[in-house]
Amino acid sequence: MTHLLEKMRVNNPLVHNMTNQVVANDVANGLLAMGASPVMAYAVEEVANIASISKALVLNIGTLTSAGVEAMMVAGIAANKADVPVVLDPVGVGASSYRQEKVREILAAVKVTLIRGNSGEIANLAEVEWQAKGVDAGQGKVSVSEMANKVAQRFNCIVAVSGEVDYITNGRESAEIRNGVSLMAQVTGMGCLLSGICGAFIACANKTEVIEAVITAHAAYGIVGEKAKQQSNGPGSFRVHFMDGLANLTVPQYQQHKKINRWEGVVK
């Protein structure tokens, strides 16, 4: 689905990000670099209007507040009414009972298109035993495919699990993406920006292409990470080269370096 990259850079889709305070600047700059047009609106008085005119809404609970949850639900309901796709990033959902409660409130009120998180976050939503600390991915005995499928079926959405190998499923078809580097885990907000990038790709897709858009976003993101690592000396310079890489990624580069394995169903 490489045409989605070209389409993004022509159409500059407006992506409404209700993201966390730690990463808002990088999310905005990363979306701009990729070719999208970010808006960061949080006030409950305006989020319904902004969400309804956007091409995608991204909800991120990284720095959660009661007012923020209220605004997210208002924005999400408005997006649903306007047929705007919604991405949920349940950052650190297992870190506290408060986060778990609020994520479930959001999911009860808002129909989401994609839930994107690490294995620990998805395990919490699947209600399976998992050892994780804060926003870390952690580890457990249940397979990623099993818990991702459980969440996808429960909320009737696409689920993307980021890690050494990214796993994506809608419960009917699945994919693994093996692009990316471990250095990405040493830079705060890489997952949050990926959620925004997923929103931008989904915004450029028609309704039959949504899972392809999520797969393309993950592969493209990983390819940029691989190139940035070759140019960097550590997390600081990696972050700079990564932003440049988002802007400079071409369709031929994507075609040459993508590492995608797809199949029907959940388990290969």
# chains A, B, ... in the order shown; residues from 1 in each chain; ligands from 1
>>> residues_around(residues="range 103-110 of chain A", least_positions_apart="3", cutoff="7 Å", atoms="only C-alpha atoms", output="ChimeraX atom specification")
/A:73,76-77,90,99-100
>>> write_last_selection(atoms="N, CA and C atoms", output="CSV table (one decimal), in the first residue's frame")
chain,number,residue,atom,x,y,z
A,73,MET,N,-13.3,11.5,25.6
A,73,MET,CA,-14.6,10.8,25.3
A,73,MET,C,-15.5,11.8,24.5
A,76,GLY,N,-13.9,11.6,21.0
A,76,GLY,CA,-14.2,10.3,20.4
A,76,GLY,C,-15.6,10.1,19.9
A,77,ILE,N,-16.5,10.5,20.7
A,77,ILE,CA,-18.0,10.4,20.3
A,77,ILE,C,-18.2,11.3,19.1
A,90,PRO,N,-3.1,3.0,24.7
A,90,PRO,CA,-3.3,2.9,26.2
A,90,PRO,C,-2.0,2.9,26.9
A,99,ARG,N,-5.8,4.1,35.6
A,99,ARG,CA,-5.6,4.0,34.2
A,99,ARG,C,-6.5,2.9,33.5
A,100,GLN,N,-6.6,1.8,34.2
A,100,GLN,CA,-7.4,0.7,33.7
A,100,GLN,C,-8.8,1.1,33.6
>>> closest_atom_pairs(of="range 112-217 of chain A", to="range 9-23 of chain A", cutoff="7 Å", atoms="only C-alpha atoms", output="CSV")
residue,atom,partner,partner_atom,distance
A:Gly189,CA,A:Val23,CA,5.4
A:Gly199,CA,A:Val15,CA,6.8
A:Ala200,CA,A:Val15,CA,6.3
A:Ala203,CA,A:Pro13,CA,6.5
>>> write_last_selection(atoms="C-alpha atoms", output="PDB file, in the first residue's frame")
ATOM      1  CA  GLY A 189       7.711   8.734  22.709  1.00  0.00           C
ATOM      2  CA  GLY A 199      -3.619   7.661  12.368  1.00  0.00           C
ATOM      3  CA  ALA A 200      -2.155   9.553   9.411  1.00  0.00           C
ATOM      4  CA  ALA A 203      -6.666   8.846   7.274  1.00  0.00           C
TER       5      ALA A 203
END
>>> closest_atom_pairs(of="range 32-145 of chain A", to="range 161-168 of chain A", cutoff="6 Å", atoms="only C-alpha atoms", output="JSON lines")
{"residue": "A:Gly117", "atom": "CA", "partner": "A:Val161", "partner_atom": "CA", "distance": 5.3}
{"residue": "A:Asn118", "atom": "CA", "partner": "A:Ser162", "partner_atom": "CA", "distance": 4.9}
{"residue": "A:Ser119", "atom": "CA", "partner": "A:Val161", "partner_atom": "CA", "distance": 5.8}
>>> select_by_dssp(residues="range 4-212 of chain A", states="strand (DSSP E or B)", output="MDAnalysis selection string")
chainID A and resid 14:18 37:39 56:60 86:89 114:118 131 139 158:162 166:169 173:177
>>> write_last_selection(atoms="N, CA and C atoms", output="short mmCIF file (atom, residue, chain, number, x, y, z; two decimals), in the first residue's frame")
data_model
loop_
_atom_site.label_atom_id
_atom_site.label_comp_id
_atom_site.auth_asym_id
_atom_site.auth_seq_id
_atom_site.Cartn_x
_atom_site.Cartn_y
_atom_site.Cartn_z
N LEU A 14 -5.38 16.10 8.17
CA LEU A 14 -5.40 16.70 9.49
C LEU A 14 -5.60 15.59 10.53
N VAL A 15 -4.64 15.44 11.42
CA VAL A 15 -4.69 14.41 12.46
C VAL A 15 -4.79 15.09 13.82
N HIS A 16 -5.88 14.85 14.52
CA HIS A 16 -6.11 15.44 15.84
C HIS A 16 -5.47 14.53 16.88
N ASN A 17 -4.46 15.05 17.57
CA ASN A 17 -3.73 14.27 18.58
C ASN A 17 -4.05 14.78 19.97
N MET A 18 -4.62 13.92 20.79
CA MET A 18 -4.76 14.21 22.21
C MET A 18 -3.73 13.32 22.90
N SER A 37 -0.73 16.71 8.72
CA SER A 37 -0.91 18.01 9.36
C SER A 37 -1.47 17.80 10.76
N PRO A 38 -0.65 17.96 11.81
CA PRO A 38 -1.12 17.68 13.17
C PRO A 38 -1.84 18.87 13.80
N VAL A 39 -2.81 18.57 14.64
CA VAL A 39 -3.41 19.57 15.51
C VAL A 39 -3.46 18.97 16.91
N ALA A 56 -8.42 11.94 11.23
CA ALA A 56 -8.18 10.88 12.20
C ALA A 56 -8.04 11.53 13.57
N LEU A 57 -8.41 10.77 14.61
CA LEU A 57 -8.26 11.20 16.00
C LEU A 57 -7.40 10.18 16.72
N VAL A 58 -6.38 10.65 17.43
CA VAL A 58 -5.48 9.77 18.18
C VAL A 58 -5.57 10.11 19.66
N LEU A 59 -5.97 9.13 20.46
CA LEU A 59 -6.12 9.30 21.91
C LEU A 59 -4.98 8.57 22.61
N ASN A 60 -4.23 9.29 23.44
CA ASN A 60 -3.05 8.74 24.11
C ASN A 60 -3.14 9.10 25.60
N VAL A 86 -10.63 6.44 14.82
CA VAL A 86 -10.05 6.74 16.13
C VAL A 86 -8.98 5.71 16.47
N VAL A 87 -7.80 6.20 16.87
CA VAL A 87 -6.70 5.35 17.33
C VAL A 87 -6.56 5.55 18.83
N LEU A 88 -6.46 4.45 19.57
CA LEU A 88 -6.24 4.51 21.03
C LEU A 88 -4.88 3.93 21.37
N ASP A 89 -4.08 4.71 22.09
CA ASP A 89 -2.79 4.25 22.61
C ASP A 89 -2.90 4.21 24.13
N LEU A 114 -8.38 1.38 15.82
CA LEU A 114 -7.10 0.72 16.12
C LEU A 114 -6.74 0.93 17.58
N ILE A 115 -6.31 -0.15 18.22
CA ILE A 115 -5.64 -0.06 19.52
C ILE A 115 -4.19 -0.43 19.27
N ARG A 116 -3.26 0.49 19.58
CA ARG A 116 -1.84 0.22 19.36
C ARG A 116 -1.09 0.38 20.67
N GLY A 117 -0.34 -0.66 21.04
CA GLY A 117 0.42 -0.59 22.27
C GLY A 117 1.50 -1.65 22.30
N ASN A 118 2.24 -1.70 23.40
CA ASN A 118 3.23 -2.77 23.55
C ASN A 118 2.55 -4.00 24.13
N GLN A 131 3.75 -9.78 33.34
CA GLN A 131 4.64 -9.05 34.24
C GLN A 131 5.18 -7.83 33.51
N GLN A 139 6.82 -9.17 30.21
CA GLN A 139 6.82 -10.50 29.62
C GLN A 139 5.75 -11.37 30.25
N ILE A 158 -8.89 -3.24 14.95
CA ILE A 158 -7.54 -3.71 14.66
C ILE A 158 -6.69 -3.54 15.92
N VAL A 159 -5.80 -4.48 16.16
CA VAL A 159 -4.87 -4.38 17.28
C VAL A 159 -3.45 -4.50 16.74
N ALA A 160 -2.60 -3.56 17.13
CA ALA A 160 -1.19 -3.60 16.74
C ALA A 160 -0.33 -3.66 18.00
N VAL A 161 0.52 -4.67 18.06
CA VAL A 161 1.40 -4.86 19.21
C VAL A 161 2.83 -4.59 18.76
N SER A 162 3.44 -3.57 19.33
CA SER A 162 4.79 -3.19 18.95
C SER A 162 5.81 -3.92 19.80
N ASP A 166 6.69 -6.56 15.27
CA ASP A 166 5.36 -5.98 15.40
C ASP A 166 4.33 -6.99 14.90
N TYR A 167 3.23 -7.10 15.63
CA TYR A 167 2.17 -8.02 15.27
C TYR A 167 0.87 -7.24 15.12
N ILE A 168 0.16 -7.46 14.02
CA ILE A 168 -1.06 -6.72 13.72
C ILE A 168 -2.15 -7.71 13.31
N THR A 169 -3.36 -7.52 13.86
CA THR A 169 -4.47 -8.40 13.49
C THR A 169 -5.79 -7.67 13.64
N GLU A 173 -7.37 -11.52 9.67
CA GLU A 173 -6.10 -11.57 8.96
C GLU A 173 -5.04 -10.90 9.82
N SER A 174 -3.81 -11.31 9.63
CA SER A 174 -2.74 -10.87 10.52
C SER A 174 -1.46 -10.63 9.75
N ALA A 175 -0.52 -9.96 10.42
CA ALA A 175 0.77 -9.69 9.80
C ALA A 175 1.83 -9.53 10.87
N GLU A 176 3.06 -9.87 10.52
CA GLU A 176 4.24 -9.57 11.32
C GLU A 176 5.12 -8.63 10.53
N ILE A 177 5.67 -7.65 11.21
CA ILE A 177 6.60 -6.71 10.58
C ILE A 177 7.91 -6.80 11.34
#
>>> select_by_dssp(residues="range 7-254 of chain A", states="helix (DSSP H, G or I)", output="number ranges by chain")
A: 7-11, 24-34, 47-53, 66-81, 93-95, 97-109, 119-126, 144-155, 182-186, 190-203, 210-231, 235-248, 251-254
>>> residues_around(residues="range 208-215 of chain A", least_positions_apart="4", cutoff="7 Å", atoms="only C-alpha atoms", output="list of chain:residue names")
A:Met1, A:Ile158, A:Cys198, A:Phe201, A:Ile202, A:Ala219
>>> write_last_selection(atoms="N, CA and C atoms", output="PDB file, in the first residue's frame")
ATOM      1  N   MET A   1       0.834  -1.206   0.000  1.00  0.00           N
ATOM      2  CA  MET A   1       0.000   0.000   0.000  1.00  0.00           C
ATOM      3  C   MET A   1       0.866   1.252   0.000  1.00  0.00           C
ATOM      4  N   ILE A 158      -8.885  -3.243  14.954  1.00  0.00           N
ATOM      5  CA  ILE A 158      -7.537  -3.714  14.663  1.00  0.00           C
ATOM      6  C   ILE A 158      -6.691  -3.538  15.919  1.00  0.00           C
ATOM      7  N   CYS A 198       0.219   6.018  12.523  1.00  0.00           N
ATOM      8  CA  CYS A 198      -0.853   5.090  12.133  1.00  0.00           C
ATOM      9  C   CYS A 198      -2.126   5.858  11.805  1.00  0.00           C
ATOM     10  N   PHE A 201      -1.771   7.403   8.325  1.00  0.00           N
ATOM     11  CA  PHE A 201      -1.936   6.439   7.235  1.00  0.00           C
ATOM     12  C   PHE A 201      -3.386   5.990   7.111  1.00  0.00           C
ATOM     13  N   ILE A 202      -4.044   5.745   8.237  1.00  0.00           N
ATOM     14  CA  ILE A 202      -5.457   5.359   8.195  1.00  0.00           C
ATOM     15  C   ILE A 202      -6.285   6.461   7.553  1.00  0.00           C
ATOM     16  N   ALA A 219       5.718  -0.803   9.002  1.00  0.00           N
ATOM     17  CA  ALA A 219       6.894  -1.136   8.193  1.00  0.00           C
ATOM     18  C   ALA A 219       7.689   0.122   7.858  1.00  0.00           C
TER      19      ALA A 219
END
>>> residues_around(residues="Met243 in chain A", least_positions_apart="2", cutoff="12 Å", atoms="only C-alpha atoms", output="number ranges by chain")
A: 25-35, 190, 193, 221, 224-225, 227-229, 236-241, 245-249
>>> atom_distance(atom1="CA of Lys150 in chain A", atom2="CA of Ala126 in chain A")
6.0 Å
>>> atom_distance(atom1="CA of Ala36 in chain A", atom2="CA of Ile197 in chain A")
8.4 Å
>>> residues_around(residues="Ala71 in chain A", least_positions_apart="6", cutoff="9 Å", atoms="only C-alpha atoms", output="ChimeraX atom specification")
/A:18,42-48
>>> residues_around(residues="Val91 in chain A", least_positions_apart="2", cutoff="6 Å", atoms="only C-alpha atoms", output="JSON, numbers by chain")
{"A": [61, 62, 89, 93]}
>>> write_last_selection(atoms="N, CA and C atoms", output="mmCIF file, in the first residue's frame")
data_model
loop_
_atom_site.group_PDB
_atom_site.id
_atom_site.type_symbol
_atom_site.label_atom_id
_atom_site.label_comp_id
_atom_site.auth_asym_id
_atom_site.auth_seq_id
_atom_site.Cartn_x
_atom_site.Cartn_y
_atom_site.Cartn_z
ATOM 1 N N ILE A 61 -3.098 8.079 26.472
ATOM 2 C CA ILE A 61 -3.337 8.319 27.902
ATOM 3 C C ILE A 61 -2.044 8.466 28.700
ATOM 4 N N GLY A 62 -0.951 8.796 28.055
ATOM 5 C CA GLY A 62 0.354 8.826 28.720
ATOM 6 C C GLY A 62 0.404 9.672 29.970
ATOM 7 N N ASP A 89 -4.083 4.709 22.090
ATOM 8 C CA ASP A 89 -2.788 4.252 22.606
ATOM 9 C C ASP A 89 -2.902 4.210 24.128
ATOM 10 N N VAL A 93 -1.313 1.275 30.646
ATOM 11 C CA VAL A 93 -2.644 1.006 31.206
ATOM 12 C C VAL A 93 -2.592 0.096 32.426
#
>>> atom_distance(atom1="CA of Gly222 in chain A", atom2="CA of Cys157 in chain A")
22.7 Å
>>> residues_around(residues="Ala79 in chain A", least_positions_apart="5", cutoff="7 Å", atoms="only C-alpha atoms", output="JSON, numbers by chain")
{"A": [51, 52, 84, 85]}
>>> write_last_selection(atoms="C-alpha atoms", output="PDB file, in the first residue's frame")
ATOM      1  CA  ALA A  51     -12.266  15.945  15.970  1.00  0.00           C
ATOM      2  CA  SER A  52     -15.219  16.154  13.597  1.00  0.00           C
ATOM      3  CA  VAL A  84     -13.590   9.819  11.633  1.00  0.00           C
ATOM      4  CA  PRO A  85     -11.293   6.879  12.535  1.00  0.00           C
TER       5      PRO A  85
END
>>> closest_residue(among="A:Glu127, A:Phe155, A:Arg172, A:Ala75", to="Lys111 in chain A", atoms="only C-alpha atoms")
A:Phe155
